[in-house]
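*Asks:* Below is the file work.pdb, with PDB, C-alpha atoms.
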ATOM      1  CA  MET A  12      -8.657 -23.827  12.060
ATOM      2  CA  ALA A  13     -11.446 -21.927  10.354
ATOM      3  CA  THR A  14     -12.299 -22.628   6.753
ATOM      4  CA  ILE A  15     -10.620 -20.137   4.435
ATOM      5  CA  THR A  16     -13.085 -18.655   1.992
ATOM      6  CA  SER A  17     -12.437 -16.927  -1.285
ATOM      7  CA  GLU A  18     -13.397 -13.634   0.395
ATOM      8  CA  THR A  19     -10.592 -13.991   2.945
ATOM      9  CA  ALA A  20      -8.073 -15.045   0.305
ATOM     10  CA  ARG A  21      -9.113 -12.139  -1.917
ATOM     11  CA  ALA A  22      -8.740  -9.656   0.956
ATOM     12  CA  TYR A  23      -5.188 -10.828   1.611
ATOM     13  CA  ASN A  24      -4.280 -10.813  -2.081
ATOM     14  CA  ASP A  25      -5.693  -7.308  -2.504
ATOM     15  CA  LEU A  26      -3.799  -5.944   0.498
ATOM     16  CA  VAL A  27      -0.549  -7.604  -0.569
ATOM     17  CA  GLU A  28      -0.862  -6.205  -4.106
ATOM     18  CA  ILE A  29      -1.835  -2.731  -2.869
ATOM     19  CA  ASN A  30       1.263  -2.624  -0.689
ATOM     20  CA  LYS A  31       3.542  -3.924  -3.453
ATOM     21  CA  THR A  32       2.274  -1.134  -5.681
ATOM     22  CA  ALA A  33       2.609   1.433  -2.886
ATOM     23  CA  ALA A  34       6.196   0.357  -2.213
ATOM     24  CA  LYS A  35       7.010   0.896  -5.899
ATOM     25  CA  GLY A  36       5.047   4.140  -6.022
ATOM     26  CA  TYR A  37       6.718   5.611  -2.969
ATOM     27  CA  GLN A  38      10.141   4.619  -4.273
ATOM     28  CA  GLU A  39       9.423   6.310  -7.613
ATOM     29  CA  ALA A  40       8.131   9.337  -5.736
ATOM     30  CA  ALA A  41      11.315   9.459  -3.625
ATOM     31  CA  GLU A  42      13.385   9.419  -6.797
ATOM     32  CA  GLY A  43      11.300  12.202  -8.319
ATOM     33  CA  VAL A  44      11.066  14.808  -5.587
ATOM     34  CA  SER A  45      13.637  17.560  -5.262
ATOM     35  CA  SER A  46      13.653  17.973  -1.467
ATOM     36  CA  PRO A  47      16.195  15.749   0.353
ATOM     37  CA  ASP A  48      13.861  15.541   3.373
ATOM     38  CA  LEU A  49      10.998  14.364   1.184
ATOM     39  CA  LYS A  50      13.258  11.846  -0.568
ATOM     40  CA  SER A  51      14.199  10.357   2.790
ATOM     41  CA  LYS A  52      10.647  10.149   4.148
ATOM     42  CA  LEU A  53       9.187   8.750   0.910
ATOM     43  CA  SER A  54      11.927   6.094   0.861
ATOM     44  CA  GLU A  55      10.997   5.187   4.438
ATOM     45  CA  LEU A  56       7.347   4.846   3.409
ATOM     46  CA  SER A  57       8.392   2.607   0.513
ATOM     47  CA  GLN A  58      10.262   0.366   2.943
ATOM     48  CA  GLN A  59       7.298   0.401   5.332
ATOM     49  CA  ARG A  60       4.969  -0.843   2.584
ATOM     50  CA  ALA A  61       7.437  -3.587   1.630
ATOM     51  CA  GLN A  62       7.394  -4.643   5.297
ATOM     52  CA  PHE A  63       3.580  -4.673   5.194
ATOM     53  CA  VAL A  64       3.769  -7.076   2.224
ATOM     54  CA  SER A  65       6.007  -9.359   4.263
ATOM     55  CA  GLN A  66       3.730  -9.229   7.321
ATOM     56  CA  LEU A  67       0.577  -9.871   5.292
ATOM     57  CA  THR A  68       2.165 -12.708   3.344
ATOM     58  CA  GLN A  69       3.326 -14.338   6.569
ATOM     59  CA  GLN A  70      -0.122 -13.963   8.142
ATOM     60  CA  ALA A  71      -1.792 -15.371   5.036
ATOM     61  CA  GLN A  72       0.496 -18.374   4.949
ATOM     62  CA  GLN A  73      -0.183 -19.094   8.627
ATOM     63  CA  ILE A  74      -3.867 -19.526   7.857
ATOM     64  CA  GLY A  75      -3.299 -21.460   4.650
ATOM     65  CA  ILE A  76      -3.459 -18.741   2.004
ATOM     66  CA  ASN A  77      -0.661 -18.360  -0.510
ATOM     67  CA  PRO A  78      -0.852 -14.799  -1.869
ATOM     68  CA  GLN A  79      -0.590 -14.820  -5.642
ATOM     69  CA  ASP A  80       2.839 -14.314  -7.114
ATOM     70  CA  GLY A  81       2.837 -11.513  -9.658
ATOM     71  CA  ASN A  82       6.188 -12.430 -11.235
ATOM     72  CA  THR A  83       4.694 -14.213 -14.244
ATOM     73  CA  LEU A  84       4.135 -12.292 -17.477
ATOM     74  CA  GLU A  85       0.405 -12.388 -16.817
ATOM     75  CA  GLY A  86       1.082 -11.159 -13.286
ATOM     76  CA  VAL A  87       3.171  -8.232 -14.499
ATOM     77  CA  VAL A  88       0.450  -7.186 -16.971
ATOM     78  CA  ALA A  89      -2.213  -7.625 -14.308
ATOM     79  CA  ASP A  90      -0.094  -5.662 -11.829
ATOM     80  CA  ALA A  91       0.285  -2.773 -14.259
ATOM     81  CA  ALA A  92      -3.457  -2.726 -14.914
ATOM     82  CA  ALA A  93      -4.232  -3.037 -11.224
ATOM     83  CA  ALA A  94      -1.887  -0.142 -10.400
ATOM     84  CA  VAL A  95      -4.378   2.093 -12.167
ATOM     85  CA  HIS A  96      -7.094   0.847  -9.870
ATOM     86  CA  ARG A  97      -4.907   1.244  -6.800
ATOM     87  CA  GLY A  98      -4.395   4.960  -7.362
ATOM     88  CA  TRP A  99      -0.721   5.076  -8.340
ATOM     89  CA  ILE A 100      -1.096   5.469 -12.123
ATOM     90  CA  ASN A 101      -0.163   9.140 -12.379
ATOM     91  CA  ILE A 102       3.004   8.958 -10.308
ATOM     92  CA  LYS A 103       5.276   8.743 -13.378
ATOM     93  CA  SER A 104       3.656  11.752 -15.037
ATOM     94  CA  ALA A 105       3.868  13.725 -11.795
ATOM     95  CA  ILE A 106       7.544  12.808 -11.460
ATOM     96  CA  THR A 107       8.236  13.845 -15.044
ATOM     97  CA  GLY A 108       7.162  17.367 -14.122
ATOM     98  CA  GLN A 109       9.417  17.320 -11.024
ATOM     99  CA  ASP A 110       6.695  19.087  -9.041
ATOM    100  CA  ASP A 111       6.908  17.944  -5.424
ATOM    101  CA  SER A 112       3.313  18.942  -4.695
ATOM    102  CA  ALA A 113       1.981  16.932  -7.658
ATOM    103  CA  ILE A 114       4.064  13.916  -6.654
ATOM    104  CA  LEU A 115       2.730  14.145  -3.103
ATOM    105  CA  GLY A 116      -0.788  14.424  -4.514
ATOM    106  CA  GLU A 117      -0.339  11.087  -6.281
ATOM    107  CA  CYS A 118       0.980   9.505  -3.080
ATOM    108  CA  GLU A 119      -2.071  10.858  -1.275
ATOM    109  CA  THR A 120      -4.379   9.322  -3.889
ATOM    110  CA  GLY A 121      -2.617   5.962  -3.621
ATOM    111  CA  ASP A 122      -2.959   5.952   0.145
ATOM    112  CA  ALA A 123      -6.634   6.901  -0.028
ATOM    113  CA  THR A 124      -7.190   3.887  -2.292
ATOM    114  CA  ALA A 125      -5.239   1.661   0.111
ATOM    115  CA  LEU A 126      -7.277   2.861   3.081
ATOM    116  CA  THR A 127     -10.489   1.953   1.275
ATOM    117  CA  ALA A 128      -9.167  -1.566   0.616
ATOM    118  CA  TYR A 129      -8.137  -1.967   4.260
ATOM    119  CA  GLU A 130     -11.555  -0.789   5.430
ATOM    120  CA  THR A 131     -13.220  -3.300   3.115
ATOM    121  CA  ALA A 132     -11.041  -6.108   4.488
ATOM    122  CA  LEU A 133     -11.789  -5.067   8.074
ATOM    123  CA  LYS A 134     -15.543  -5.261   7.399
ATOM    124  CA  SER A 135     -15.170  -8.965   6.662
ATOM    125  CA  GLN A 136     -16.263 -11.202   9.508
ATOM    126  CA  GLU A 137     -13.969 -13.939   8.187
ATOM    127  CA  ILE A 138     -10.609 -12.321   8.944
ATOM    128  CA  PRO A 139      -9.015 -14.143  11.925
ATOM    129  CA  ALA A 140      -8.496 -12.052  15.078
ATOM    130  CA  GLN A 141      -4.688 -12.124  14.923
ATOM    131  CA  ALA A 142      -4.744 -11.043  11.283
ATOM    132  CA  ARG A 143      -7.300  -8.345  12.038
ATOM    133  CA  THR A 144      -4.866  -6.833  14.543
ATOM    134  CA  VAL A 145      -2.112  -6.646  11.894
ATOM    135  CA  ILE A 146      -4.516  -5.177   9.318
ATOM    136  CA  GLU A 147      -5.811  -2.589  11.802
ATOM    137  CA  GLN A 148      -2.239  -1.561  12.699
ATOM    138  CA  GLN A 149      -1.263  -1.208   9.047
ATOM    139  CA  HIS A 150      -4.443   0.786   8.342
ATOM    140  CA  SER A 151      -3.494   3.158  11.161
ATOM    141  CA  GLU A 152       0.035   3.590   9.806
ATOM    142  CA  ILE A 153      -1.242   4.223   6.260
ATOM    143  CA  LEU A 154      -3.685   6.804   7.595
ATOM    144  CA  SER A 155      -0.854   8.495   9.460
ATOM    145  CA  ALA A 156       1.299   8.498   6.295
ATOM    146  CA  LYS A 157      -1.560   9.898   4.220
ATOM    147  CA  ASN A 158      -2.097  12.693   6.746
ATOM    148  CA  TRP A 159       1.630  13.494   6.686
ATOM    149  CA  VAL A 160       1.651  13.553   2.864
ATOM    150  CA  THR A 161      -1.408  15.843   2.831
ATOM    151  CA  GLN A 162       0.303  18.198   5.291
ATOM    152  CA  GLN A 163       3.512  18.253   3.227
ATOM    153  CA  LYS A 164       1.590  18.821  -0.004
ATOM    154  CA  GLY A 165       0.052  21.932   1.528
ATOM    155  CA  ARG A 166       3.530  23.316   2.270
ATOM    156  CA  ARG A 167       4.888  22.981  -1.286
TER     157      ARG A 167
END
Let me see the file written as structure tokens.

*Replies:*
Amino acid sequence: MATITSETARAYNDLVEINKTAAKGYQEAAEGVSSPDLKSKLSELSQQRAQFVSQLTQQAQQIGINPQDGNTLEGVVADAAAAVHRGWINIKSAITGQDDSAILGECETGDATALTAYETALKSQEIPAQARTVIEQQHSEILSAKNWVTQQKGRR
């Protein structure tokens, strides 16, 4: 088994946290949009991101990394601060206005941030091949979701 470096552990932690935030963000977005079709699709994307968390956590544990648990008080504060960095900060304000296009815009921003994090992780030479396959697949699915969101935003 290869030695796990802090870079590899950080990549997994970042991707897990990004997907936790995206799952929450998409769920909030689903609750805020007015269109039933959008509600359904955004809920699906929330569930998809929760599944990504599960896949990444399982992969990390297989190579000896235990992704950080954000359920402590410090973790909750850090998660809230990190949500800003991960592009989902304005989702609540967009939802308050009940403007589907604005809500989709925030989802688009969150996914763009996630894609950047995935691309950074994929540049690492330390990610094991099996994990790289999972990360590449998730990147592809996030890109597809972002493109769908962008298309829907243009229709609102």

*Asks:* Using 8 Å of padding on each side, determine the axis-aligned box around all atoms of region 48-66 of chain A present in the file and give its centre and edge lengths in Å to one decimal, as AutoDock Vina command-line options.

*Replies:*
--center_x 8.9 --center_y 3.1 --center_z 3.4 --size_x 26.6 --size_y 40.9 --size_z 23.9

*Asks:* So what does the PyMOL selection byres ((chain A and resi 156) around 12) actually pick up in this one, as a ChimeraX atom specification?

*Replies:* /A:33,37,52-53,55-57,59-60,115,118-123,125-126,149-155,157-163

*Asks:* Please indicate the distance in Å from CA of Ala140 (chain A) to CA of Glu28 (chain A), rounded to one decimal place.

*Replies:*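 Separation between CA of Ala140 (chain A) and CA of Glu28 (chain A): 21.5 Å.
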
*Asks:* List the neighbours of Tyr129 (chain A) out to 9 Å using all atoms listed in the file; skip same-chain residues closer than 5 positions along the sequence, and give me the result as a count of residues only.

*Replies:* 9

*Asks:* Of the candidates A:Gly116, A:Pro47, A:Gly75, A:Gly165, which shows the shortest atom-to-atom distance to Ile15 (chain A), using only C-alpha atoms?

*Replies:*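 The shortest atom-to-atom distance to Ile15 (chain A) comes from A:Gly75.
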
*Asks:* Measuring between only C-alpha atoms, which one of A:Leu49, A:Ala20, A:Ile29, A:Leu67 shows the shortest distance to Ser112 (chain A)?

*Replies:*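 Among the listed residues, A:Leu49 lies closest to Ser112 (chain A).
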
*Asks:* Distance cut-off 7 Å, centre (-11.1, -13.4, 6.1) in file coordinates, counting only C-alpha atoms: which residues qualify? Return them as a list in words.

*Replies:*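 Residues found, by chain and rising number: Ile15, Thr16, Glu18, Thr19, Ala20, Ala22, Ser135, Gln136, Glu137, Ile138 and Pro139 of chain A.
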
*Asks:* Please, what distance in Å, to one decimal, runs between CA of Leu133 (chain A) and CA of Ser54 (chain A)?

*Replies:*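 That distance, rounded to one decimal, is 27.2 Å.
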
*Asks:* Spell out the residues picked by the PyMOL selection byres ((chain A and resi 41) around 6) here, as a list of chain:residue names.

*Replies:*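 That selection, the PyMOL selection byres ((chain A and resi 41) around 6), comes back as A:Gln38, A:Glu39, A:Ala40, A:Glu42, A:Gly43, A:Val44, A:Lys50, A:Leu53, A:Ser54.
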
*Asks:* Could you save those same residues with C-alpha atoms as a PDB file, in the coordinates of the input?

*Replies:*
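To be explicit, this is the file written out as selection24.pdb:
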ATOM      1  CA  GLN A  38      10.141   4.619  -4.273  1.00  0.00           C
ATOM      2  CA  GLU A  39       9.423   6.310  -7.613  1.00  0.00           C
ATOM      3  CA  ALA A  40       8.131   9.337  -5.736  1.00  0.00           C
ATOM      4  CA  GLU A  42      13.385   9.419  -6.797  1.00  0.00           C
ATOM      5  CA  GLY A  43      11.300  12.202  -8.319  1.00  0.00           C
ATOM      6  CA  VAL A  44      11.066  14.808  -5.587  1.00  0.00           C
ATOM      7  CA  LYS A  50      13.258  11.846  -0.568  1.00  0.00           C
ATOM      8  CA  LEU A  53       9.187   8.750   0.910  1.00  0.00           C
ATOM      9  CA  SER A  54      11.927   6.094   0.861  1.00  0.00           C
TER      10      SER A  54
END

*Asks:* By how many Å are CA of Thr32 (chain A) and CA of Gln141 (chain A) apart?

*Replies:*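 For CA of Thr32 (chain A) relative to CA of Gln141 (chain A), the distance reads 24.4 Å.
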
*Asks:* List the neighbours of Gln73 (chain A) out to 12 Å using all atoms listed in the file; skip same-chain residues closer than 2 positions along the sequence, and give me the result as a list in words.

*Replies:* Met12, Ala13, Ile15, Tyr23, Gln66, Leu67, Thr68, Gln69, Gln70, Ala71, Gly75, Ile76, Asn77, Pro78, Pro139, Gln141 and Ala142 of chain A
